[in-house]
Number of protein chains: 4
Amino acid sequence: MLIVMENNASESQIADVVNLIESYGYKARPIPGSSRTAIGIIGNEGYVDDTQFINLAGVKQVIHVTQPFKLASKEFHPEDTIVEIEQTKIGGNTFSIIAGPCAVENEEQIFETAEFLVSHEIHFLRAGAYKPRTSPYSFQGMEIEGLKLLAKVREHTGMKIVTEATDVLSIEYVAEYTDVVQIGTRNMQNYPLLKKAGKIGKPVLLKRGMSATLQEFLLSAEYILNEGNGNIILCERGVRTFDNHSRNTLDLAAIPVLKELTHLPIIVDPSHASGNRRHIIPLSRAAVAVGAQGIIVEVHPKPDKALSDGPQSLNFENFVELIKQIELISNAMKLKVPVIYE
Amino acid sequence: MLIVMENNASESQIADVVNLIESYGYKARPIPGSSRTAIGIIGNEGYVDDTQFINLAGVKQVIHVTQPFKLASKEFHPEDTIVEIEQTKIGGNTFSIIAGPCAVENEEQIFETAEFLVSHEIHFLRAGAYKPRTSPYSFQGMEIEGLKLLAKVREHTGMKIVTEATDVLSIEYVAEYTDVVQIGTRNMQNYPLLKKAGKIGKPVLLKRGMSATLQEFLLSAEYILNEGNGNIILCERGVRTFDNHSRNTLDLAAIPVLKELTHLPIIVDPSHASGNRRHIIPLSRAAVAVGAQGIIVEVHPKPDKALSDGPQSLNFENFVELIKQIELISNAMKLKVPVIYE
Amino acid sequence: MLIVMENNASESQIADVVNLIESYGYKARPIPGSSRTAIGIIGNEGYVDDTQFINLAGVKQVIHVTQPFKLASKEFHPEDTIVEIEQTKIGGNTFSIIAGPCAVENEEQIFETAEFLVSHEIHFLRAGAYKPRTSPYSFQGMEIEGLKLLAKVREHTGMKIVTEATDVLSIEYVAEYTDVVQIGTRNMQNYPLLKKAGKIGKPVLLKRGMSATLQEFLLSAEYILNEGNGNIILCERGVRTFDNHSRNTLDLAAIPVLKELTHLPIIVDPSHASGNRRHIIPLSRAAVAVGAQGIIVEVHPKPDKALSDGPQSLNFENFVELIKQIELISNAMKLKVPVIYE
Amino acid sequence: MLIVMENNASESQIADVVNLIESYGYKARPIPGSSRTAIGIIGNEGYVDDTQFINLAGVKQVIHVTQPFKLASKEFHPEDTIVEIEQTKIGGNTFSIIAGPCAVENEEQIFETAEFLVSHEIHFLRAGAYKPRTSPYSFQGMEIEGLKLLAKVREHTGMKIVTEATDVLSIEYVAEYTDVVQIGTRNMQNYPLLKKAGKIGKPVLLKRGMSATLQEFLLSAEYILNEGNGNIILCERGVRTFDNHSRNTLDLAAIPVLKELTHLPIIVDPSHASGNRRHIIPLSRAAVAVGAQGIIVEVHPKPDKALSDGPQSLNFENFVELIKQIELISNAMKLKVPVIYE
């Protein structure tokens with residue numbers, strides 16, 4: 001950590017900083033510059049909390065050299081995490097496809113989708129029972145009834161279920177009925193929910209917040225890890241920018257950066273990024289090529305009757321084309337698609 | 001609502017849109033253009049859900065002319081809402097100051113602050129008991145013990161307490177012990193929490209999400225209104241942009257725009273916007289001048305010892321200067337400061 | 001075009017809009033809504049200038065259904081443009097690689113790079129002679145001497161030269177000495193320069209502005225097309241967002257969107273997007289996979305001695321790995337790499 | 001400057017950095033941390049160019065403690081610059097109003113506006129003769145004829161003329177005919193134009209780029225200062241963000257930050273920030289209150305007939321109200337409005 005002093009910081013202000021550093025048992029190393037002094041800290045193990053330093057008179061800025069997350073970092077845990085979900089897994093050298101409708105709408109819709117997916121060797125079904133919708137007047141999901149339908153699908157097809165939890169109460173039901181608990185973009189900094197997700201004993205799919213930096217993203221994963229749950233799948237799903245040609249701006253460059261910073265597997269959601277089914281296939285190809293370890297994608301038997309996210313849902317024909325193209329790129333990349341555990 | 005067709009939309013696709021419009025009991029008015037047709041809807045009362053339309057083949061885009069929020073809109077409720085909190089109020093022609101430390105830290109700190117504020121005729125105390133912190137290793141708040149201290153302050157000083165609730169469980173305690181329940185920026189789209197806030201019978205201070213549009217902001221207010229709670233105070237606290245000179249980019253232009261769109265009172269948080277105590281006073285002057293109905297500002301007896309947000313907290317001397325300068329501008333604007341209910 | 005009236009627009013204000021529409025020879029089609037009236041325009045050929053409409057009293061908003069660019073649009077020119085540069089070409093089903101150092105630094109550096117590239121069948125050399133640098137104290141380029149060195153390289157190696165022009169005077173020299181004139185991101189809306197680029201008789205590589213929408217990007221291309229020059233290569237190079245993990249946020253989703261909107265070829269600049277040589281290869285793979293028609297990439301014989309952009313420049317060894325990996329993906333995509341004209 | 005090494009940097013890589021620092025005549029001070037080493041530089045006078053350092057193997061990041069601009073900085077030039085334009089001035093404790101139409105359209109329009117402004121003691125007329133327009137099909141300005149009309153207005157009314165130059169050729173005419181040369185937002189990083197602006201001997205009004213950081217903004221001013229022209233007026237005009245309720249997001253918090261960083265006067269353009277005439281007055285009040293030293297605002301005798309920017313132009317009646325309200329706030333702030341040189 002480096003503490004940069006104001007231009008006109010006095011000798012006694014510098015001494016105060018040095019004393020505070022030493023009170024923590026670290027060593028202080030002042031670096032007098034042309035216009036201001038900076039003070040380095042030596043001897044710390046890991047991240048030093050800057051609260052007390054930044055408060056001191058004469059301090060202009062505190063610069064961190066070490067990342068503030070630890071359990072999520074590759075430095076702490078160099079080996080890549082592979083999340084195992086019964087006989088399947090996410091991470092490592094496989095490319096996983098999680099697919100399904102935005103929301104569970106009724107038994108017919110969800111079974112038709114699941115059976116179609118299984119017939120194409122897709123083993124992860126996504127579908128929301130609790131839907132965080134921008135407007136209170138939009139369809140809010142089937143809630144507990146939706147979870148029960150998902151459990152029924154699971155029993156009949158053997159698919160693994162990925163579904164979203166939106167609060168500290170419903171997460172218990174979600175964890176009970178499904179295989180992977182999704183924390184959505186709007187809840188990436190819902191810390192009570194993250195803490196609870198750390199305790200539910202099921203893998204967590206954590207979506208990046210709409211305007212979260214990667215550091216904030218990994219600190220949210222750290223909340224879950226810190227409660228003892230290391231089975232976390234990160235998901236890049238587009239961020240909010242000035243750009244208006246797609247629903248969100250898909251930040252594929254985050255993938256190689258995350259792979260340097262963390263051991264957790266990283267997948268991509270091209271559906272919410274684009275908002276337009278015509279662009280899902282090229283973005284999915286790019287996700288494979290950039291090194292993501294999977295995608296989560298919306299598919300619906302009748303997108304034009306979907307109760308939510310219809311415009312960004314693939315129909316079955318599109319989906320068959322999608323997996324064909326993903327296979328082309330992943331073969332070139334030497335990944336296995338879709339994922340079957342050996 | 002206007003439905004814009006693709007360039008190459010067929011006659012039968014256009015007919016499908018017209019039929020769907022008519023099935024809702026509205027009239028369709030096609031507008032053939034040089035390169036594509038658009039179809040207007042006539043006869044609707046308020047916002048029309050676009051889900052089914054955007055799903056239809058040949059539809060390029062749906063353009064809304066009406067706002068999707070209703071209860072929060074000025075069209076529906078032309079008179080300005082004034083939120084009454086016992087003998088005080090927020091909204092109308094008064095400029096309210098809500099002040100206090102980021103977090104309750106201990107009895108001495110919170111009493112010292114409250115007594116100082118009361119002596120300057122400030123009647124709203126802000127202080128967090130449940131703190132949503134980016135890192136799990138940062139101070140997380142005193143929780144229930146903090147709420148009890150705030151209740152004690154309230155009893156001894158008569159100050160009204162504003163404090164944050166972060167999940168559907170703790171909001172009940174918060175509502176019991178305090179006067180105004182704050183929903184923070186990270187929870188602006190935490191819909192289960194908003195629904196609960198709609199039922200707790202206490203006024204709600206709703207902060208704008210870090211990257212929320214004004215439409216999303218008002219739809220979040222709509223969630224609360226829709227549960228029967230109309231006592232909502234909106235708060236602009238800066239948005240996330242490429243800009244790096246302040247903690248967030250304070251969007252003061254949102255104030256006059258919100259005043260056209262909604263009847264709810266709007267205040268500004270210069271502390272979280274700036275992140276730097278030296279800029280709080282000019283931003284507060286600007287908040288008054290642009291037409292905001294109050295500010296919520298961080299003040300701490302010893303900012304250099306604060307457990308959170310020290311760098312953006314005013315000390316008592318700064319605060320006295322702040323209210324002096326606010327008074328100058330609000331007098332010029334003919335607002336009353338600070339707020340006392342007549 | 002749709003003109004949306006204010007809620008309280010009077011009958012006579014609506015009549016004024018109708019009259020203005022009719023004065024242009026179009027037909028007006030009013031659509032009375034629940035809370036406001038909208039008026040459609042029928043009979044226009046292409047984009048209608050909205051200046052006069054938006055000025056009228058009672059008008060709230062003008063909504064365009066037609067795109068404002070014409071010559072750049074796929075609707076106007078459905079066949080894909082292939083830019084021919086002597087015996088080579090950019091566009092169509094080939095994937096082009098333009099490579100070289102950020103700046104021409106001296107004869108040895110530029111010849112060493114060119115000969116290396118030629119030996120790997122790369123036929124386009126990029127290198128700046130006029131450098132737009134953020135600080136006046138940074139190396140500003142070799143200017144005319146740099147252009148002469150580039151011409152010499154061209155003569156000896158047969159490579160095609162791509163270099164930047166930064167003002168209406170130097171563009172004449174640039175066009176004289178080189179094969180493709182680059183307009184950089186900071187000049188995307190330098191309209192006098194664009195107009196000049198439309199007249200110089202050489203292909204133009206137009207980089208997207210740092211915060212330009214795709215509509216603005218294509219309108220800048222339209223300036224060049226409108227002066228008679230249709231040989232334009234578009235280049236996505238990352239946009240500016242809140243994100244801080246890479247130099248810019250590479251917007252790969254723009255590629256499929258641009259391919260729907262325009263007939264012009266589109267390439268990607270992973271170097272300026274990322275700012276970090278370690279991420280160039282994954283981003284380049286993704287650029288191929290998403291459907292871009294080429295990349296422009298920085299390579300330097302000794303990146304650690306580069307006068308600019310060292311951290312994002314590949315060394316020769318990295319570059320060999322890059323083309324190997326691009327070939328893998330482009331083979332899967334059935335593109336030819338690198339480009340040789342048959 | 002602080003050089004942060006990679007985690008796994010070797011001793012010899014650290015030695016290379018130390019040697020390079022010493023080769024410049026500075027002292028190196030290594031700071032070994034828990035996971036990586038950082039190396040401070042001591043003994044430098046001002047900003048050190050980081051190009052060579054960032055290129056070295058094992059270097060992760062270079063952190064600057066000193067600002068990269070010098071002539072524009074308050075550290076170098078502590079006294080506030082007041083730009084004198086004949087008998088008037090901009091800067092210091094006065095609040096200046098620059099007003100006029102977006103573009104010179106014809107003699108009647110510009111004279112009517114100028115005479116109206118003079119009658120309200122406004123002494124700076126803004127009006128564009130060279131217009132940078134997003135579309136090539138929009139009105140491009142009257143060019144040289146426009147400049148001549150402005151010169152005629154100047155002669156008859158005594159107003160000082162502020163008008164935009166868009167390239168290195170036309171800037172000479174602009175400088176000849178007018179008093180203040182404006183560099184627009186799209187040209188903030190047009191370095192050949194900035195260099196020329198540094199040599200023309202007239203004050204320059206430099207607008208902030210659409211997505212420029214304050215550091216980039218001041219480095220652009222530095223280009224002008226570096227050529228010997230210190231008469232620069234900075235102008236905040238809104239930046240581009242995800243926000244869509246106004247044309248740009250007005251960054252008023254930049255004003256107090258700039259006032260700490262630079263000695264140059266700073267004004268605000270509420271017209272381009274908002275895009276909506278209804279919000280100009282509240283934003284102007286806020287500009288005064290936040291500490292700006294003036295505004296540049298669009299006013300037109302008949303906004304509904306304007307050839308550009310009609311929706312954001314005030315009419316004469318609005319303008320009278322504007323100056324009345326500015327006066328209220330500036331009196332509270334003890335600034336003089338409008339500006340007359342004593």
# chains A, B, ... in the order shown; residues from 1 in each chain; ligands from 1
$ interface_residues --of "chain D" --to "chain C" --cutoff "8 Å" --atoms "only C-alpha atoms" --output "MDAnalysis selection string"
chainID D and resid 49 51:52 54:57 68:69 132:136 138 166:169 186:187 189:192 210:211 216 219:220 222:223 226 240:241 303:311
$ residues_around --residues "range 23-36 of chain B" --least-positions-apart "5" --cutoff "10 Å" --atoms "only C-alpha atoms" --output "ChimeraX atom specification"
/B:2-9,14-15,17-18,41-45,48,60 /C:1-2,27-31,39-47,65-67,75
$ write_last_selection --atoms "N, CA, C and O atoms" --output "short mmCIF file (atom, residue, chain, number, x, y, z; two decimals), in the first residue's frame"
data_model
loop_
_atom_site.label_atom_id
_atom_site.label_comp_id
_atom_site.auth_asym_id
_atom_site.auth_seq_id
_atom_site.Cartn_x
_atom_site.Cartn_y
_atom_site.Cartn_z
N LEU B 2 -46.02 2.57 -30.38
CA LEU B 2 -45.80 2.50 -31.82
C LEU B 2 -45.00 1.24 -32.09
O LEU B 2 -43.96 0.99 -31.46
N ILE B 3 -45.48 0.42 -33.02
CA ILE B 3 -44.76 -0.80 -33.36
C ILE B 3 -44.11 -0.60 -34.72
O ILE B 3 -44.80 -0.34 -35.71
N VAL B 4 -42.78 -0.66 -34.74
CA VAL B 4 -42.05 -0.45 -35.99
C VAL B 4 -41.73 -1.82 -36.59
O VAL B 4 -41.16 -2.68 -35.94
N MET B 5 -42.11 -2.01 -37.84
CA MET B 5 -41.88 -3.30 -38.51
C MET B 5 -40.49 -3.31 -39.18
O MET B 5 -39.95 -2.26 -39.51
N GLU B 6 -39.96 -4.48 -39.39
CA GLU B 6 -38.74 -4.63 -40.18
C GLU B 6 -39.00 -4.13 -41.60
O GLU B 6 -40.12 -4.14 -42.09
N ASN B 7 -37.91 -3.77 -42.28
CA ASN B 7 -38.01 -3.34 -43.68
C ASN B 7 -38.78 -4.30 -44.56
O ASN B 7 -39.56 -3.91 -45.40
N ASN B 8 -38.45 -5.58 -44.36
CA ASN B 8 -39.01 -6.59 -45.25
C ASN B 8 -40.20 -7.32 -44.63
O ASN B 8 -40.50 -8.44 -45.02
N ALA B 9 -40.87 -6.66 -43.68
CA ALA B 9 -42.02 -7.32 -43.04
C ALA B 9 -43.10 -7.56 -44.10
O ALA B 9 -43.36 -6.70 -44.94
N ILE B 14 -47.76 -7.79 -40.79
CA ILE B 14 -48.42 -6.54 -40.38
C ILE B 14 -49.84 -6.85 -39.90
O ILE B 14 -50.28 -6.33 -38.86
N ALA B 15 -50.52 -7.73 -40.61
CA ALA B 15 -51.89 -8.09 -40.22
C ALA B 15 -51.90 -8.75 -38.83
O ALA B 15 -52.79 -8.50 -38.01
N VAL B 17 -49.91 -8.11 -36.35
CA VAL B 17 -49.78 -7.06 -35.33
C VAL B 17 -51.12 -6.35 -35.15
O VAL B 17 -51.58 -6.13 -34.02
N VAL B 18 -51.76 -6.03 -36.27
CA VAL B 18 -53.05 -5.33 -36.21
C VAL B 18 -54.06 -6.19 -35.45
O VAL B 18 -54.77 -5.70 -34.56
N ILE B 41 -50.98 2.52 -31.88
CA ILE B 41 -52.10 1.99 -31.11
C ILE B 41 -52.95 3.14 -30.59
O ILE B 41 -52.41 4.10 -30.04
N ILE B 42 -54.22 3.07 -30.78
CA ILE B 42 -55.14 4.11 -30.31
C ILE B 42 -56.15 3.50 -29.35
O ILE B 42 -56.61 2.39 -29.57
N GLY B 43 -56.48 4.26 -28.32
CA GLY B 43 -57.58 3.82 -27.45
C GLY B 43 -57.12 3.19 -26.15
O GLY B 43 -57.94 2.77 -25.33
N ASN B 44 -55.79 3.12 -25.96
CA ASN B 44 -55.31 2.53 -24.70
C ASN B 44 -55.37 3.55 -23.57
O ASN B 44 -55.13 4.74 -23.78
N GLU B 45 -55.67 3.06 -22.36
CA GLU B 45 -55.58 3.90 -21.16
C GLU B 45 -54.25 3.55 -20.50
O GLU B 45 -54.13 2.49 -19.90
N VAL B 48 -49.16 0.18 -22.34
CA VAL B 48 -49.52 -1.13 -22.86
C VAL B 48 -48.30 -2.04 -22.74
O VAL B 48 -47.19 -1.66 -23.14
N LYS B 60 -39.64 -4.93 -35.51
CA LYS B 60 -38.26 -4.50 -35.28
C LYS B 60 -38.12 -3.87 -33.91
O LYS B 60 -37.14 -4.06 -33.21
N MET C 1 -41.15 8.73 -39.61
CA MET C 1 -40.92 9.63 -38.48
C MET C 1 -42.21 9.80 -37.71
O MET C 1 -43.29 9.87 -38.29
N LEU C 2 -42.09 9.85 -36.39
CA LEU C 2 -43.25 9.98 -35.52
C LEU C 2 -43.03 11.20 -34.64
O LEU C 2 -41.99 11.32 -33.99
N LYS C 27 -47.82 13.05 -46.07
CA LYS C 27 -49.11 12.99 -45.40
C LYS C 27 -48.91 12.84 -43.90
O LYS C 27 -47.98 12.18 -43.45
N ALA C 28 -49.83 13.43 -43.15
CA ALA C 28 -49.76 13.33 -41.68
C ALA C 28 -50.84 12.37 -41.21
O ALA C 28 -51.95 12.36 -41.74
N ARG C 29 -50.47 11.54 -40.24
CA ARG C 29 -51.45 10.60 -39.69
C ARG C 29 -51.46 10.71 -38.16
O ARG C 29 -50.65 10.07 -37.49
N PRO C 30 -52.37 11.51 -37.60
CA PRO C 30 -52.41 11.66 -36.14
C PRO C 30 -52.89 10.37 -35.46
O PRO C 30 -53.76 9.68 -35.97
N ILE C 31 -52.27 10.05 -34.31
CA ILE C 31 -52.63 8.86 -33.53
C ILE C 31 -52.94 9.34 -32.12
O ILE C 31 -52.05 9.47 -31.28
N ILE C 39 -48.06 11.87 -34.09
CA ILE C 39 -48.42 12.11 -35.49
C ILE C 39 -47.39 11.41 -36.38
O ILE C 39 -46.19 11.71 -36.30
N GLY C 40 -47.83 10.49 -37.20
CA GLY C 40 -46.94 9.79 -38.11
C GLY C 40 -46.82 10.53 -39.43
O GLY C 40 -47.71 11.30 -39.82
N ILE C 41 -45.67 10.33 -40.10
CA ILE C 41 -45.46 10.93 -41.43
C ILE C 41 -45.49 9.81 -42.46
O ILE C 41 -44.82 8.79 -42.28
N ILE C 42 -46.24 9.98 -43.50
CA ILE C 42 -46.31 8.99 -44.57
C ILE C 42 -45.87 9.63 -45.89
O ILE C 42 -46.18 10.79 -46.14
N GLY C 43 -45.17 8.87 -46.68
CA GLY C 43 -44.87 9.35 -48.03
C GLY C 43 -43.46 9.89 -48.18
O GLY C 43 -43.06 10.30 -49.27
N ASN C 44 -42.67 9.83 -47.10
CA ASN C 44 -41.29 10.34 -47.22
C ASN C 44 -40.40 9.27 -47.84
O ASN C 44 -40.57 8.08 -47.61
N GLU C 45 -39.44 9.72 -48.63
CA GLU C 45 -38.40 8.84 -49.17
C GLU C 45 -37.17 9.05 -48.28
O GLU C 45 -36.52 10.07 -48.37
N GLY C 46 -36.87 8.11 -47.43
CA GLY C 46 -35.68 8.22 -46.59
C GLY C 46 -35.90 9.14 -45.40
O GLY C 46 -37.03 9.51 -45.08
N TYR C 47 -34.79 9.49 -44.79
CA TYR C 47 -34.75 10.24 -43.55
C TYR C 47 -35.31 11.64 -43.71
O TYR C 47 -34.97 12.34 -44.66
N VAL C 65 -37.76 6.38 -37.43
CA VAL C 65 -37.91 4.96 -37.72
C VAL C 65 -36.85 4.58 -38.77
O VAL C 65 -36.30 3.49 -38.76
N THR C 66 -36.53 5.50 -39.63
CA THR C 66 -35.51 5.30 -40.66
C THR C 66 -34.15 5.74 -40.11
O THR C 66 -34.07 6.67 -39.32
N GLN C 67 -33.08 5.06 -40.51
CA GLN C 67 -31.73 5.47 -40.11
C GLN C 67 -31.33 6.76 -40.83
O GLN C 67 -31.70 6.94 -41.99
N GLU C 75 -29.40 -1.13 -46.73
CA GLU C 75 -30.64 -0.97 -47.49
C GLU C 75 -30.37 -0.32 -48.84
O GLU C 75 -30.93 -0.70 -49.86
#
$ select_by_dssp --residues "range 122-174 of chain D" --states "strand (DSSP E or B)" --output "list in words"
Phe124, Leu125, Arg126, Gly128, Lys160, Ile161, Val162, Thr163 and Glu164 of chain D
$ write_last_selection --atoms "C-alpha atoms" --output "PDB file, in the first residue's frame"
ATOM      1  CA  PHE D 124     -20.243  38.198 -25.416  1.00  0.00           C
ATOM      2  CA  LEU D 125     -22.003  36.865 -28.494  1.00  0.00           C
ATOM      3  CA  ARG D 126     -21.668  33.189 -29.392  1.00  0.00           C
ATOM      4  CA  GLY D 128     -21.173  29.310 -35.118  1.00  0.00           C
ATOM      5  CA  LYS D 160     -17.109  40.423 -28.272  1.00  0.00           C
ATOM      6  CA  ILE D 161     -17.496  37.459 -30.618  1.00  0.00           C
ATOM      7  CA  VAL D 162     -16.978  33.829 -29.594  1.00  0.00           C
ATOM      8  CA  THR D 163     -17.041  31.362 -32.478  1.00  0.00           C
ATOM      9  CA  GLU D 164     -15.763  27.912 -33.287  1.00  0.00           C
TER      10      GLU D 164
END
$ select_by_dssp --residues "range 215-310 of chain C" --states "alpha helix (DSSP H)" --output "MDAnalysis selection string"
chainID C and resid 215:225 254:261 270:274 280:290
$ atom_distance --atom1 "CA of Asp243 in chain C" --atom2 "CA of Thr249 in chain B"
14.4 Å
$ residues_around --residues "range 251-257 of chain D" --least-positions-apart "5" --cutoff "9 Å" --atoms "only C-alpha atoms" --output "PyMOL selection string"
(chain B and resi 245-246+249-252+273-274+278-279+282-283+286) or (chain D and resi 214+236-239+262+266-268+273+286-287+290-292)
$ atom_distance --atom1 "CA of Ala165 in chain C" --atom2 "CA of Ala127 in chain C"
11.4 Å
$ residues_around --residues "Leu147 in chain C" --least-positions-apart "2" --cutoff "10 Å" --atoms "only C-alpha atoms" --output "mmCIF file with N, CA and C atoms, in the first residue's frame"
data_model
loop_
_atom_site.group_PDB
_atom_site.id
_atom_site.type_symbol
_atom_site.label_atom_id
_atom_site.label_comp_id
_atom_site.auth_asym_id
_atom_site.auth_seq_id
_atom_site.Cartn_x
_atom_site.Cartn_y
_atom_site.Cartn_z
ATOM 1 N N VAL C 104 6.485 4.728 -36.473
ATOM 2 C CA VAL C 104 7.789 4.609 -37.124
ATOM 3 C C VAL C 104 8.792 5.306 -36.215
ATOM 4 N N ALA C 127 1.854 1.734 -39.092
ATOM 5 C CA ALA C 127 2.894 2.466 -38.351
ATOM 6 C C ALA C 127 2.567 3.937 -38.486
ATOM 7 N N GLY C 128 2.587 4.646 -37.350
ATOM 8 C CA GLY C 128 2.202 6.049 -37.366
ATOM 9 C C GLY C 128 3.370 6.979 -37.622
ATOM 10 N N ALA C 129 3.181 7.952 -38.469
ATOM 11 C CA ALA C 129 4.171 9.019 -38.663
ATOM 12 C C ALA C 129 3.677 10.289 -37.957
ATOM 13 N N TYR C 130 2.372 10.500 -37.953
ATOM 14 C CA TYR C 130 1.758 11.603 -37.214
ATOM 15 C C TYR C 130 0.994 10.975 -36.056
ATOM 16 N N MET C 142 7.449 10.913 -36.295
ATOM 17 C CA MET C 142 8.524 11.420 -37.160
ATOM 18 C C MET C 142 7.997 12.287 -38.295
ATOM 19 N N GLU C 143 6.689 12.374 -38.414
ATOM 20 C CA GLU C 143 6.021 13.193 -39.426
ATOM 21 C C GLU C 143 6.536 12.865 -40.829
ATOM 22 N N ILE C 144 6.854 13.863 -41.613
ATOM 23 C CA ILE C 144 7.182 13.634 -43.032
ATOM 24 C C ILE C 144 8.339 12.631 -43.197
ATOM 25 N N GLU C 145 9.324 12.692 -42.289
ATOM 26 C CA GLU C 145 10.433 11.733 -42.385
ATOM 27 C C GLU C 145 9.931 10.299 -42.195
ATOM 28 N N LEU C 149 10.156 7.032 -44.814
ATOM 29 C CA LEU C 149 10.631 5.692 -44.447
ATOM 30 C C LEU C 149 9.600 4.632 -44.830
ATOM 31 N N LEU C 150 8.335 4.961 -44.593
ATOM 32 C CA LEU C 150 7.273 3.999 -44.931
ATOM 33 C C LEU C 150 7.236 3.742 -46.438
ATOM 34 N N ALA C 151 7.430 4.805 -47.215
ATOM 35 C CA ALA C 151 7.427 4.647 -48.679
ATOM 36 C C ALA C 151 8.591 3.757 -49.110
ATOM 37 N N LYS C 152 9.702 3.924 -48.412
ATOM 38 C CA LYS C 152 10.882 3.104 -48.727
ATOM 39 C C LYS C 152 10.609 1.618 -48.405
ATOM 40 N N VAL C 153 9.987 1.384 -47.282
ATOM 41 C CA VAL C 153 9.619 0.006 -46.909
ATOM 42 C C VAL C 153 8.726 -0.606 -47.985
ATOM 43 N N ILE C 161 0.912 0.035 -47.083
ATOM 44 C CA ILE C 161 1.122 0.849 -45.879
ATOM 45 C C ILE C 161 -0.196 1.468 -45.387
ATOM 46 N N THR C 163 -1.412 4.193 -42.566
ATOM 47 C CA THR C 163 -0.898 5.166 -41.585
ATOM 48 C C THR C 163 -1.896 6.300 -41.394
ATOM 49 N N TYR C 173 -0.035 14.526 -47.805
ATOM 50 C CA TYR C 173 1.216 13.760 -47.837
ATOM 51 C C TYR C 173 0.953 12.286 -47.559
ATOM 52 N N VAL C 174 0.127 12.057 -46.542
ATOM 53 C CA VAL C 174 -0.169 10.676 -46.164
ATOM 54 C C VAL C 174 -0.733 9.920 -47.366
ATOM 55 N N ALA C 175 -1.679 10.546 -48.052
ATOM 56 C CA ALA C 175 -2.311 9.884 -49.197
ATOM 57 C C ALA C 175 -1.298 9.640 -50.312
ATOM 58 N N GLU C 176 -0.351 10.547 -50.423
ATOM 59 C CA GLU C 176 0.641 10.426 -51.493
ATOM 60 C C GLU C 176 1.587 9.245 -51.230
ATOM 61 N N TYR C 177 2.019 9.096 -49.977
ATOM 62 C CA TYR C 177 3.061 8.111 -49.672
ATOM 63 C C TYR C 177 2.527 6.723 -49.327
ATOM 64 N N THR C 178 1.246 6.613 -48.991
ATOM 65 C CA THR C 178 0.778 5.341 -48.427
ATOM 66 C C THR C 178 -0.415 4.771 -49.185
#
$ atom_distance --atom1 "CA of Ile323 in chain B" --atom2 "CA of Ile329 in chain D"
16.0 Å
